[in-house]
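Okay, query.cif is below, mmCIF, C-alpha atoms:
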data_run
loop_
_atom_site.label_atom_id
_atom_site.label_comp_id
_atom_site.auth_asym_id
_atom_site.auth_seq_id
_atom_site.Cartn_x
_atom_site.Cartn_y
_atom_site.Cartn_z
CA MET A 4 -28.71 2.94 -9.71
CA LYS A 5 -25.57 1.37 -11.14
CA LYS A 6 -24.31 -1.49 -9.00
CA ASP A 7 -20.68 -1.34 -7.93
CA ILE A 8 -19.49 -4.89 -8.60
CA PHE A 9 -16.11 -4.13 -7.01
CA LEU A 10 -17.53 -2.99 -3.67
CA SER A 11 -17.32 -6.41 -2.01
CA THR A 12 -13.79 -6.89 -3.33
CA LYS A 13 -12.79 -3.51 -1.96
CA LYS A 14 -14.30 -4.36 1.46
CA ASN A 15 -12.43 -7.68 1.51
CA ILE A 16 -9.14 -5.95 0.74
CA ILE A 17 -9.73 -3.43 3.52
CA ALA A 18 -10.71 -6.16 6.00
CA ILE A 19 -7.76 -8.41 5.18
CA SER A 20 -5.14 -5.64 5.19
CA THR A 21 -6.53 -4.14 8.41
CA SER A 22 -6.59 -7.58 10.08
CA VAL A 23 -3.00 -8.25 9.11
CA VAL A 24 -1.88 -4.86 10.44
CA PHE A 25 -3.93 -5.32 13.63
CA THR A 26 -2.44 -8.77 14.24
CA CYS A 27 1.09 -7.46 13.76
CA LEU A 28 0.40 -4.56 16.13
CA ILE A 29 -1.04 -6.88 18.79
CA ILE A 30 1.99 -9.17 18.57
CA PHE A 31 4.31 -6.17 18.77
CA ALA A 32 2.39 -4.78 21.76
CA ILE A 33 2.54 -8.14 23.61
CA ILE A 34 6.27 -8.51 22.98
CA THR A 35 6.95 -4.90 24.01
CA HIS A 36 4.91 -5.26 27.22
CA ALA A 37 6.57 -8.57 28.10
CA LEU A 38 10.09 -7.24 27.54
CA TYR A 39 9.43 -4.03 29.45
CA SER A 40 7.75 -5.88 32.33
CA SER A 41 10.71 -8.23 32.67
CA LYS A 42 13.25 -5.42 32.52
CA VAL A 43 11.50 -2.90 34.78
CA LEU A 44 11.63 -5.26 37.79
CA ASP A 45 15.14 -6.60 37.12
CA ASN A 46 16.86 -4.07 39.38
CA VAL A 47 14.47 -4.72 42.27
CA ASP A 48 14.74 -8.49 41.92
CA ARG A 49 18.53 -8.26 41.73
CA GLN A 50 18.68 -6.34 45.03
CA ILE A 51 16.37 -8.85 46.69
CA LEU A 52 18.45 -11.78 45.44
CA GLU A 53 21.68 -10.16 46.61
CA GLN A 54 20.19 -9.68 50.06
CA LYS A 55 18.93 -13.26 50.04
CA ASN A 56 22.37 -14.60 49.15
CA ILE A 57 23.99 -12.57 51.93
CA ILE A 58 21.49 -13.78 54.52
CA THR A 59 21.55 -17.45 53.48
CA GLU A 60 25.34 -17.47 53.79
CA GLN A 61 25.14 -16.50 57.49
CA PRO A 62 25.20 -19.12 60.26
CA SER A 63 22.08 -19.97 62.20
CA ASN A 64 23.08 -17.64 65.08
CA PHE A 65 22.28 -14.70 62.81
CA ASP A 66 22.64 -11.29 64.48
CA TYR A 67 20.41 -8.93 62.51
CA GLU A 68 21.58 -5.80 64.37
CA GLY A 69 25.26 -6.42 63.91
CA SER A 70 24.80 -7.77 60.38
CA PHE A 71 22.79 -4.86 58.96
CA GLY A 72 24.55 -2.10 60.85
CA GLU A 73 23.17 0.85 62.73
CA GLY A 74 20.18 2.84 61.55
CA ASN A 75 18.39 0.09 59.61
CA PHE A 76 15.89 -0.74 62.34
CA GLY A 77 13.83 1.42 64.62
CA PRO A 78 15.31 2.01 68.06
CA HIS A 79 12.32 0.55 69.86
CA GLU A 80 12.47 -2.75 68.05
CA LYS A 81 16.26 -2.90 68.33
CA ASP A 82 16.26 -2.49 72.10
CA ILE A 83 13.58 -5.15 72.52
CA GLU A 84 15.41 -7.57 70.29
CA SER A 85 18.82 -6.91 71.91
CA LYS A 86 17.44 -7.54 75.38
CA SER A 87 15.67 -10.64 74.21
CA LEU A 88 18.75 -12.06 72.54
CA ASN A 89 21.07 -11.20 75.43
CA LYS A 90 18.70 -12.84 77.86
CA MET A 91 18.44 -15.98 75.74
CA ASP A 92 22.18 -16.15 75.28
CA VAL A 93 22.87 -15.80 78.98
CA GLU A 94 20.29 -18.44 79.86
CA SER A 95 21.61 -20.83 77.23
CA GLY A 96 25.26 -20.05 77.76
CA ILE A 97 25.82 -19.61 74.00
CA LYS A 98 28.78 -17.50 72.81
CA HIS A 99 28.91 -16.18 69.27
CA GLU A 100 32.45 -17.08 68.51
CA SER A 101 31.82 -18.41 65.00
CA PHE A 102 30.13 -15.21 63.72
CA ASP A 103 30.56 -11.70 65.02
CA GLY A 104 27.51 -10.28 63.27
CA LYS A 105 29.54 -8.57 60.54
CA LEU A 106 30.48 -9.51 56.98
CA ASN A 107 34.24 -9.39 56.53
CA GLY A 108 34.45 -7.32 59.69
CA LYS A 109 32.14 -4.60 58.33
CA PRO A 110 28.43 -4.11 59.00
CA MET A 111 26.09 -4.53 55.98
CA HIS A 112 23.95 -1.56 55.09
CA LEU A 113 20.43 -2.37 53.97
CA PRO A 114 19.45 -0.57 50.71
CA PRO A 115 16.90 2.15 51.55
CA ASN A 116 14.26 0.77 49.20
CA LEU A 117 14.26 -2.69 50.84
CA ILE A 118 12.17 -3.71 53.83
CA VAL A 119 13.33 -6.55 56.08
CA ILE A 120 10.96 -8.26 58.53
CA ILE A 121 12.44 -10.84 60.91
CA TYR A 122 10.59 -13.66 62.60
CA LYS A 123 12.02 -16.10 65.11
CA ASN A 124 10.21 -19.33 65.68
CA ASN A 125 7.36 -17.82 63.64
CA ASN A 126 7.07 -14.94 66.07
CA PHE A 127 7.63 -11.38 64.97
CA GLU A 128 10.93 -10.01 66.17
CA VAL A 129 11.78 -6.83 64.38
CA MET A 130 11.21 -4.86 61.16
CA SER A 131 13.32 -2.30 59.29
CA LYS A 132 12.16 1.30 59.12
CA ASN A 133 9.40 1.80 56.53
CA LEU A 134 6.19 3.69 55.89
CA TYR A 135 4.08 0.72 54.80
CA PHE A 136 3.90 -1.79 57.68
CA SER A 137 3.62 -1.89 61.45
CA GLU A 138 3.83 -4.64 64.01
CA ASP A 139 0.05 -4.96 63.89
CA ASP A 140 -0.15 -4.86 60.11
CA LEU A 141 2.37 -7.25 58.52
CA PRO A 142 2.38 -8.52 54.94
CA MET A 143 1.04 -11.97 54.05
CA PHE A 144 3.32 -13.89 51.68
CA PRO A 145 2.06 -16.73 49.43
CA THR A 146 3.33 -20.25 50.14
CA ASN A 147 5.67 -20.27 47.13
CA ALA A 148 7.56 -17.18 48.33
CA GLU A 149 10.37 -19.33 49.80
CA ASP A 150 11.35 -20.61 46.36
CA GLU A 151 11.02 -17.52 44.23
CA ILE A 152 10.44 -13.79 44.20
CA VAL A 153 6.73 -13.02 44.21
CA THR A 154 4.52 -9.99 43.79
CA LEU A 155 2.06 -9.18 46.54
CA THR A 156 -0.32 -6.38 47.44
CA SER A 157 -0.87 -4.96 50.92
CA ASN A 158 -2.91 -1.93 51.94
CA GLY A 159 -3.15 -0.83 48.31
CA TYR A 160 0.62 -0.94 47.76
CA SER A 161 2.48 -3.37 45.51
CA PHE A 162 5.63 -5.18 46.56
CA ARG A 163 8.15 -7.69 45.30
CA GLY A 164 9.59 -9.97 47.92
CA THR A 165 10.79 -13.34 49.07
CA VAL A 166 11.04 -15.36 52.29
CA ILE A 167 14.38 -16.67 53.61
CA ASN A 168 14.60 -19.42 56.24
CA ASN A 169 17.81 -19.47 58.27
CA GLY A 170 17.62 -21.74 61.28
CA ASP A 171 15.05 -20.46 63.72
CA TYR A 172 14.80 -17.24 61.80
CA LYS A 173 12.46 -16.43 58.94
CA ILE A 174 13.37 -13.24 57.13
CA GLN A 175 11.04 -11.48 54.70
CA VAL A 176 12.73 -9.14 52.22
CA LEU A 177 10.43 -6.75 50.30
CA ALA A 178 10.68 -3.79 47.99
CA ASN A 179 7.91 -1.39 47.06
CA ILE A 180 7.25 -1.38 43.32
CA ASP A 181 4.45 1.20 43.06
CA SER A 182 6.52 3.35 40.70
CA GLU A 183 7.26 0.34 38.50
CA VAL A 184 3.59 -0.69 38.50
CA THR A 185 2.59 2.86 37.60
CA SER A 186 5.12 2.76 34.76
CA LEU A 187 3.65 -0.52 33.50
CA ASN A 188 0.12 0.87 33.70
CA ARG A 189 1.18 3.91 31.71
CA LEU A 190 2.79 1.64 29.15
CA ARG A 191 -0.43 -0.39 28.84
CA THR A 192 -2.48 2.81 28.44
CA SER A 193 -0.05 4.11 25.84
CA ILE A 194 -0.13 0.80 23.96
CA ILE A 195 -3.95 0.69 23.94
CA ALA A 196 -4.20 4.32 22.80
CA SER A 197 -1.55 3.73 20.14
CA LEU A 198 -3.34 0.60 18.92
CA ILE A 199 -6.61 2.51 18.53
CA ILE A 200 -4.90 5.34 16.63
CA LEU A 201 -2.88 2.96 14.46
CA ILE A 202 -5.94 0.87 13.63
CA ILE A 203 -7.79 4.00 12.50
CA VAL A 204 -4.77 5.00 10.42
CA ALA A 205 -4.49 1.45 9.05
CA MET A 206 -8.16 1.40 8.06
CA THR A 207 -7.81 4.79 6.37
CA LEU A 208 -4.71 3.70 4.47
CA SER A 209 -6.32 0.36 3.61
CA THR A 210 -9.33 2.16 2.17
CA TYR A 211 -7.07 4.43 0.12
CA LEU A 212 -4.85 1.58 -1.10
CA ALA A 213 -7.86 -0.60 -1.89
CA SER A 214 -9.23 2.21 -4.06
CA ARG A 215 -5.87 2.49 -5.81
CA VAL A 216 -5.71 -1.26 -6.36
CA ILE A 217 -9.26 -1.48 -7.65
CA LYS A 218 -8.92 1.57 -9.93
CA PRO A 219 -6.96 -0.07 -12.81
CA ILE A 220 -9.13 -3.19 -12.57
CA ARG A 221 -12.27 -1.06 -12.70
CA GLU A 222 -10.91 0.89 -15.67
CA ALA A 223 -9.99 -2.32 -17.49
CA TYR A 224 -13.44 -3.74 -16.79
CA GLU A 225 -15.17 -0.60 -17.99
CA LYS A 226 -13.05 -0.57 -21.14
CA GLN A 227 -14.01 -4.19 -21.74
CA VAL A 228 -17.69 -3.33 -21.31
CA TYR A 229 -17.38 -0.40 -23.71
CA PHE A 230 -15.41 -2.57 -26.11
CA VAL A 231 -18.12 -5.23 -26.22
CA GLN A 232 -20.85 -2.61 -26.60
CA ASP A 233 -19.06 -0.72 -29.37
CA ALA A 234 -17.95 -3.88 -31.17
CA SER A 235 -21.52 -5.19 -31.10
CA HIS A 236 -22.76 -1.88 -32.44
CA GLU A 237 -20.19 -1.89 -35.26
CA MET A 238 -21.04 -5.44 -36.32
CA ARG A 239 -24.79 -5.14 -35.84
CA THR A 240 -25.35 -2.81 -38.82
CA PRO A 241 -23.50 -4.83 -41.49
CA LEU A 242 -24.94 -8.09 -40.17
CA ALA A 243 -28.44 -6.61 -40.28
CA VAL A 244 -27.87 -5.46 -43.86
CA ILE A 245 -26.53 -8.85 -44.93
CA LYS A 246 -29.38 -10.67 -43.18
CA GLY A 247 -32.00 -8.43 -44.82
CA LYS A 248 -30.54 -8.88 -48.29
CA LEU A 249 -30.26 -12.64 -47.85
CA GLU A 250 -33.89 -12.86 -46.72
CA LEU A 251 -34.87 -10.88 -49.81
CA LEU A 252 -32.91 -13.24 -52.03
CA ALA A 253 -34.41 -16.25 -50.28
CA HIS A 254 -37.89 -15.07 -51.26
CA SER A 255 -36.80 -14.45 -54.86
CA TRP A 256 -35.82 -18.00 -55.72
CA GLY A 257 -36.93 -17.68 -59.31
CA ASP A 258 -34.87 -14.57 -60.10
CA THR A 259 -31.39 -14.44 -61.64
CA ILE A 260 -28.24 -12.94 -60.14
CA ASP A 261 -28.49 -9.98 -62.50
CA ASP A 262 -31.89 -9.15 -61.05
CA HIS A 263 -30.40 -8.68 -57.59
CA PHE A 264 -26.88 -7.55 -58.44
CA GLU A 265 -27.32 -4.37 -56.39
CA HIS A 266 -28.27 -6.35 -53.28
CA ILE A 267 -25.35 -8.73 -53.75
CA SER A 268 -23.00 -5.79 -54.25
CA LYS A 269 -24.26 -4.24 -51.00
CA MET A 270 -23.66 -7.49 -49.11
CA MET A 271 -20.14 -7.74 -50.52
CA SER A 272 -19.47 -4.19 -49.39
CA GLU A 273 -20.62 -4.99 -45.85
CA ILE A 274 -18.53 -8.17 -45.83
CA ARG A 275 -15.46 -6.19 -46.87
CA GLY A 276 -16.18 -3.83 -43.98
CA LEU A 277 -16.27 -6.78 -41.58
CA GLU A 278 -13.04 -8.09 -43.04
CA LYS A 279 -11.37 -4.72 -42.48
CA LEU A 280 -12.72 -4.69 -38.95
CA ASN A 281 -11.25 -8.11 -38.32
CA SER A 282 -7.95 -7.07 -39.91
CA ASP A 283 -7.76 -3.95 -37.74
CA LEU A 284 -8.40 -5.99 -34.62
CA LEU A 285 -5.65 -8.45 -35.52
CA LEU A 286 -3.29 -5.57 -36.23
CA LEU A 287 -4.13 -3.96 -32.90
CA SER A 288 -3.64 -7.20 -30.95
CA LYS A 289 -0.28 -7.77 -32.63
CA GLU A 290 0.78 -4.23 -31.75
CA ASP A 291 -0.17 -4.86 -28.11
CA LEU A 292 1.82 -8.08 -27.94
CA ASP A 293 4.63 -7.66 -30.46
CA LEU A 294 7.22 -5.21 -29.18
CA THR A 295 9.78 -5.93 -31.90
CA GLU A 296 11.19 -2.83 -33.53
CA ASN A 297 12.83 -2.25 -36.90
CA ILE A 298 14.79 0.93 -36.23
CA THR A 299 16.56 2.42 -39.26
CA ASN A 300 18.18 5.73 -40.18
CA LEU A 301 15.83 7.98 -42.14
CA LYS A 302 15.97 11.36 -43.81
CA LEU A 303 12.99 13.23 -42.38
CA ASN A 304 12.12 15.18 -45.53
CA ASN A 305 12.18 12.03 -47.67
CA PHE A 306 9.95 10.30 -45.14
CA ILE A 307 7.42 13.18 -45.20
CA ASN A 308 7.49 13.43 -49.02
CA ASP A 309 6.77 9.72 -49.46
CA LEU A 310 3.99 9.84 -46.90
CA SER A 311 2.23 12.96 -48.18
CA GLU A 312 2.44 12.37 -51.93
CA PHE A 313 -0.70 10.22 -52.07
CA TYR A 314 -2.75 12.63 -49.96
CA LEU A 315 -1.84 15.63 -52.09
CA ASP A 316 -3.48 13.86 -55.03
CA LEU A 317 -6.39 12.68 -52.87
CA ALA A 318 -7.07 16.26 -51.77
CA GLU A 319 -7.50 17.38 -55.39
CA ILE A 320 -9.92 14.54 -56.07
CA LYS A 321 -12.00 15.28 -52.96
CA GLU A 322 -11.79 19.04 -53.50
CA LYS A 323 -10.01 19.65 -50.20
CA THR A 324 -6.86 21.55 -49.32
CA PHE A 325 -3.89 19.60 -47.99
CA LYS A 326 -0.83 21.56 -46.88
CA VAL A 327 2.54 20.19 -45.86
CA VAL A 328 4.93 22.29 -43.78
CA LYS A 329 8.35 20.80 -43.14
CA PRO A 330 11.85 21.97 -42.10
CA LYS A 331 14.10 23.29 -44.82
CA GLU A 332 17.25 21.73 -43.40
CA GLU A 333 17.90 18.02 -43.68
CA ILE A 334 17.25 16.09 -40.44
CA SER A 335 18.24 12.50 -39.75
CA VAL A 336 16.14 10.34 -37.44
CA GLN A 337 16.20 6.77 -36.19
CA TRP A 338 12.66 5.45 -36.44
CA ASP A 339 10.66 2.35 -37.19
CA SER A 340 9.53 3.64 -40.57
CA ASP A 341 6.45 1.44 -40.97
CA LYS A 342 4.96 2.11 -37.55
CA ILE A 343 5.65 5.84 -37.46
CA LYS A 344 4.19 6.14 -40.96
CA ARG A 345 1.13 4.18 -39.84
CA SER A 346 0.65 6.57 -36.92
CA VAL A 347 0.75 9.68 -39.10
CA VAL A 348 -1.43 8.07 -41.78
CA ILE A 349 -4.12 7.30 -39.19
CA LEU A 350 -4.32 11.00 -38.29
CA ILE A 351 -4.32 12.19 -41.91
CA GLU A 352 -7.02 9.71 -42.96
CA ASN A 353 -9.18 10.74 -40.00
CA ALA A 354 -8.72 14.40 -40.98
CA PHE A 355 -9.88 13.64 -44.53
CA LYS A 356 -12.75 11.52 -43.25
CA TYR A 357 -14.15 14.06 -40.80
CA THR A 358 -13.61 17.16 -42.94
CA GLY A 359 -16.26 18.22 -45.41
CA GLU A 360 -15.88 19.63 -48.90
CA ASN A 361 -13.48 22.56 -49.25
CA GLY A 362 -12.01 21.54 -45.92
CA GLU A 363 -8.42 22.35 -44.97
CA ILE A 364 -5.94 19.81 -43.64
CA THR A 365 -2.42 20.73 -42.56
CA LEU A 366 0.52 18.41 -41.88
CA SER A 367 3.32 20.33 -40.19
CA VAL A 368 6.70 19.00 -39.08
CA GLU A 369 8.98 20.90 -36.67
CA ASP A 370 12.41 20.25 -35.22
CA MET A 371 12.16 20.45 -31.41
CA ASN A 372 15.75 19.70 -30.30
CA LYS A 373 15.59 16.03 -29.28
CA ASN A 374 12.10 15.51 -30.71
CA ILE A 375 10.22 15.91 -33.95
CA LYS A 376 6.82 17.54 -33.58
CA ILE A 377 4.28 16.33 -36.13
CA THR A 378 0.92 18.12 -36.16
CA VAL A 379 -2.16 17.14 -38.15
CA LYS A 380 -4.77 19.89 -38.09
CA ASP A 381 -8.17 20.16 -39.78
CA ASN A 382 -11.28 22.32 -39.74
CA GLY A 383 -13.69 19.37 -39.66
CA ILE A 384 -16.51 18.49 -37.32
CA GLY A 385 -14.31 18.42 -34.21
CA ILE A 386 -14.77 16.39 -31.05
CA LYS A 387 -16.93 17.24 -28.05
CA GLU A 388 -15.01 17.78 -24.85
CA GLU A 389 -16.81 15.00 -22.97
CA GLU A 390 -15.99 12.54 -25.77
CA GLN A 391 -12.26 13.32 -25.97
CA LYS A 392 -11.47 10.95 -23.10
CA ARG A 393 -12.87 7.98 -25.02
CA ILE A 394 -11.66 8.57 -28.58
CA PHE A 395 -8.71 6.21 -28.01
CA ASP A 396 -10.96 3.36 -26.83
CA ARG A 397 -11.37 0.49 -29.24
CA PHE A 398 -14.47 0.71 -31.44
CA TYR A 399 -15.50 4.02 -29.93
CA ARG A 400 -17.24 6.39 -32.32
CA SER A 401 -19.26 9.39 -31.23
CA ASP A 402 -22.99 9.65 -31.81
CA ALA A 403 -22.40 12.63 -34.11
CA VAL A 404 -20.14 10.53 -36.35
CA ARG A 405 -22.55 7.61 -36.41
CA GLY A 406 -25.43 10.00 -37.19
CA GLN A 407 -23.62 11.36 -40.25
CA ASN A 408 -23.07 7.82 -41.53
CA ILE A 409 -19.30 8.31 -41.78
CA SER A 410 -17.58 4.98 -42.40
CA GLY A 411 -15.02 3.65 -39.96
CA THR A 412 -14.39 1.05 -37.27
CA GLY A 413 -13.08 3.11 -34.35
CA ILE A 414 -9.82 1.15 -34.29
CA GLY A 415 -7.40 3.70 -35.77
CA LEU A 416 -6.81 5.93 -32.74
CA SER A 417 -6.56 2.87 -30.48
CA LEU A 418 -3.78 1.58 -32.72
CA LEU A 419 -2.12 5.02 -32.65
CA LYS A 420 -2.17 5.05 -28.85
CA SER A 421 -0.64 1.58 -28.69
CA ILE A 422 2.18 2.54 -31.08
CA SER A 423 2.79 5.77 -29.15
CA LYS A 424 3.08 3.86 -25.89
CA ASN A 425 5.55 1.36 -27.34
CA PHE A 426 7.83 4.01 -28.86
CA GLY A 427 7.64 6.69 -26.16
CA ILE A 428 5.69 9.09 -28.36
CA LYS A 429 3.79 11.88 -26.57
CA LEU A 430 0.29 12.31 -27.94
CA LYS A 431 -1.83 15.42 -27.45
CA VAL A 432 -5.31 16.35 -28.70
CA ASN A 433 -6.81 19.82 -29.10
CA SER A 434 -10.31 19.86 -30.48
CA LYS A 435 -13.46 21.97 -30.41
CA TYR A 436 -16.74 20.67 -31.66
CA GLY A 437 -17.81 22.39 -34.89
CA VAL A 438 -14.40 24.08 -35.33
CA GLY A 439 -11.86 21.34 -35.95
CA SER A 440 -9.22 19.10 -34.38
CA GLU A 441 -5.48 19.15 -33.90
CA PHE A 442 -3.43 16.04 -33.08
CA ILE A 443 0.20 16.49 -32.01
CA LEU A 444 2.87 13.76 -31.96
CA MET A 445 6.15 14.40 -30.12
CA ILE A 446 8.44 11.71 -31.54
CA PRO A 447 12.03 11.25 -30.23
CA LYS A 448 14.61 11.62 -32.97
CA MET A 449 16.45 8.57 -31.67
CA ILE A 450 14.02 5.83 -30.75
CA LYS A 451 15.77 3.21 -28.63
#
Just give me the structure of the file as structure tokens.
Amino acid sequence: MKKDIFLSTKKNIIAISTSVVFTCLIIFAIITHALYSSKVLDNVDRQILEQKNIITEQPSNFDYEGSFGEGNFGPHEKDIESKSLNKMDVESGIKHESFDGKLNGKPMHLPPNLIVIIYKNNNFEVMSKNLYFSEDDLPMFPTNAEDEIVTLTSNGYSFRGTVINNGDYKIQVLANIDSEVTSLNRLRTSIIASLIILIIVAMTLSTYLASRVIKPIREAYEKQVYFVQDASHEMRTPLAVIKGKLELLAHSWGDTIDDHFEHISKMMSEIRGLEKLNSDLLLLSKEDLDLTENITNLKLNNFINDLSEFYLDLAEIKEKTFKVVKPKEEISVQWDSDKIKRSVVILIENAFKYTGENGEITLSVEDMNKNIKITVKDNGIGIKEEEQKRIFDRFYRSDAVRGQNISGTGIGLSLLKSISKNFGIKLKVNSKYGVGSEFILMIPKMIK
């Protein structure tokens, strides 16, 4: 089983990207919860503070009944408290001349959501109407409630409240916050559910993006592996031939050069092949790196005539048919003459190379509005469908070609692809094994 060397890298990318997204979501959730929690209780706290300010501004002879107006307290508690106060006032001879129990002459109405519980000398006096507490079941405030608004729980209900000391009186002001607590709980549930969903989505997207990131690296690595394998294969044969001939010469130390001229000639031929291989590689590397262009105005027919003249003669020598089809009208183009010529020559030479005796090769040129379509077609050995994806890889040559001992380095089509990419040339291949091949170049008339 082939080992996936990029699997650990892919897992690391997924883990890192998911961790970053998860951290950002957690921070966002914390900030959202904190902001919402502070805002949701603002209205309640503001009402409590307003009531606290009103109460703390009153003198010590605070009259809760007159101050809060009618209807805030239950009638039973009011009657008890009124009798108690009247009795104490009579006994002490105190008259409430400094405060008439009203703010600016008007009674204060207690907001319906607030609960006021009044103690005098730490003894319960009276409590506003509510559904949560009774005289036998009063809330217990923490010790810090006199300095700030606190949250407390009683009988399963949640409240916000504070304690106000005014002379002999201690007043507890509370507000039920069950709806606010429920809202916060819903927010927490929504945040947790959203985090789970978003993490799943993040992991899915991370997996997809990691695959997309790894894909070009994997392709480049595989091309490098194929390149090394094919290059080794191309160099192995000539090196083996040279080594064998040299070993033969080494054991024939008494012979003359004329005796082994054939072996020396064979070695020279293999060396020339290696030199061409090296030259093609240098040319390919320069084409990959050198993007300089020498764009000139050309007459298309003159360009085709100069290019095809040599191959018309070559076809007669090799007993093959070479046809040239070109437009009758004169067409002007702006091309890099050397590189476009090299591209077409690569296709023509391959057609000659892979076409047997009495083979037919056709070079056709068509005017396609903004492009020139150049087609090189032959009835040679063709290319298998599964091999067509790799014919542009460097050094790649099919097993069928190697088996027929057809010379070549596998560099030509790689060079053609590089030139096509640099000049915006569209390249298409149609081939059927045993029938022939057709290569199509769509070259812009005006290369920029």
Worksheet entry | Shell of 8 Å around range 432-443 of chain A, all atoms listed in the file, local chain residues under 5 positions omitted, as a PyMOL selection string | chain A and resi 350+376-388
Practice prompt. One decimal, Å: what's the distance from CA of Ser214 in chain A over to CA of Glu389 in chain A, could you say?
Written response: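 Going from CA of Ser214 in chain A over to CA of Glu389 in chain A, I get 24.1 Å.
Using all atoms listed in the file, the shortest contact distance between Phe426 in chain A and any of A:Ser401, A:Ser335, A:Ser346, A:Asn353 is found at A:Ser346.
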Worksheet item: What is the distance between CA of Leu141 in chain A and CA of Leu117 in chain A, in Å to one decimal?
Response: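 It comes out at 14.9 Å.
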Worksheet item: Nearest to Leu187 in chain A among A:Lys356, A:Lys226, A:Lys42, A:Lys344, with distances taken over all atoms listed in the file: which residue is it?
Response: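 That would be A:Lys42, the residue with the smallest distance to Leu187 in chain A.
CA of Ser11 in chain A sits 28.7 Å away from CA of Arg397 in chain A.
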Would you list the contacts of Ile343 in chain A as a short mmCIF file (atom, residue, chain, number, x, y, z; two decimals) with C-alpha atoms, keeping the file's coordinate frame, taking every protein, DNA or RNA residue within 10 Å and counting all atoms listed in the file, but skipping same-chain residues closer than 3 positions in sequence?
data_model
loop_
_atom_site.label_atom_id
_atom_site.label_comp_id
_atom_site.auth_asym_id
_atom_site.auth_seq_id
_atom_site.Cartn_x
_atom_site.Cartn_y
_atom_site.Cartn_z
CA PHE A 306 9.95 10.30 -45.14
CA TRP A 338 12.66 5.45 -36.44
CA ASP A 339 10.66 2.35 -37.19
CA SER A 340 9.53 3.64 -40.57
CA SER A 346 0.65 6.57 -36.92
CA VAL A 347 0.75 9.68 -39.10
CA VAL A 348 -1.43 8.07 -41.78
CA LEU A 419 -2.12 5.02 -32.65
CA ILE A 422 2.18 2.54 -31.08
CA SER A 423 2.79 5.77 -29.15
CA PHE A 426 7.83 4.01 -28.86
CA ILE A 428 5.69 9.09 -28.36
CA ILE A 446 8.44 11.71 -31.54
#
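Distances from A:Ile274, A:Val404, A:Leu303, A:Leu252 to Glu390 in chain A were compared using all atoms listed in the file, and the smallest one belongs to A:Val404.
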Item to complete: Expand the PyMOL selection byres ((chain A and resi 159) around 12) into the individual residues it matches in the shown file, reporting them as a PyMOL selection string.
Response: chain A and resi 135-136+142+155-158+160-162+179-181+184
Worksheet item: What's the 12 Å shell around Phe144 in chain A, counting all atoms listed in the file, without same-chain residues fewer than 4 positions away, as a PyMOL selection string?
Response: chain A and resi 120+148-157+162-167+173-177
Worksheet item: What lies within 12 Å of Leu208 in chain A using all atoms listed in the file, ignoring chain neighbours under 3 positions off, as number ranges by chain?
Response: A: 16-18, 20-21, 24, 201-205, 211-216
Quick one: range 353-360 of chain A with N, CA, C and O atoms, as a compact mmCIF listing (two decimals), keeping the file's coordinate frame?
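Output below, filename selection.txt:
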# COMPACT_ATOMS: atom_id res chain seq x y z
N ASN A 353 -8.07 10.24 -40.83
CA ASN A 353 -9.18 10.74 -40.00
C ASN A 353 -9.51 12.19 -40.35
O ASN A 353 -10.69 12.58 -40.38
N ALA A 354 -8.48 13.00 -40.62
CA ALA A 354 -8.72 14.40 -40.98
C ALA A 354 -9.50 14.49 -42.29
O ALA A 354 -10.44 15.29 -42.41
N PHE A 355 -9.14 13.66 -43.27
CA PHE A 355 -9.88 13.64 -44.53
C PHE A 355 -11.31 13.15 -44.31
O PHE A 355 -12.27 13.67 -44.89
N LYS A 356 -11.45 12.14 -43.46
CA LYS A 356 -12.75 11.52 -43.25
C LYS A 356 -13.74 12.46 -42.58
O LYS A 356 -14.93 12.49 -42.91
N TYR A 357 -13.25 13.22 -41.60
CA TYR A 357 -14.15 14.06 -40.80
C TYR A 357 -14.14 15.53 -41.23
O TYR A 357 -14.60 16.39 -40.48
N THR A 358 -13.60 15.80 -42.40
CA THR A 358 -13.61 17.16 -42.94
C THR A 358 -14.48 17.18 -44.19
O THR A 358 -14.34 16.32 -45.07
N GLY A 359 -15.36 18.15 -44.28
CA GLY A 359 -16.26 18.22 -45.41
C GLY A 359 -15.60 18.80 -46.66
O GLY A 359 -14.37 19.01 -46.72
N GLU A 360 -16.41 19.05 -47.66
CA GLU A 360 -15.88 19.63 -48.90
C GLU A 360 -15.30 21.01 -48.63
O GLU A 360 -15.79 21.75 -47.79
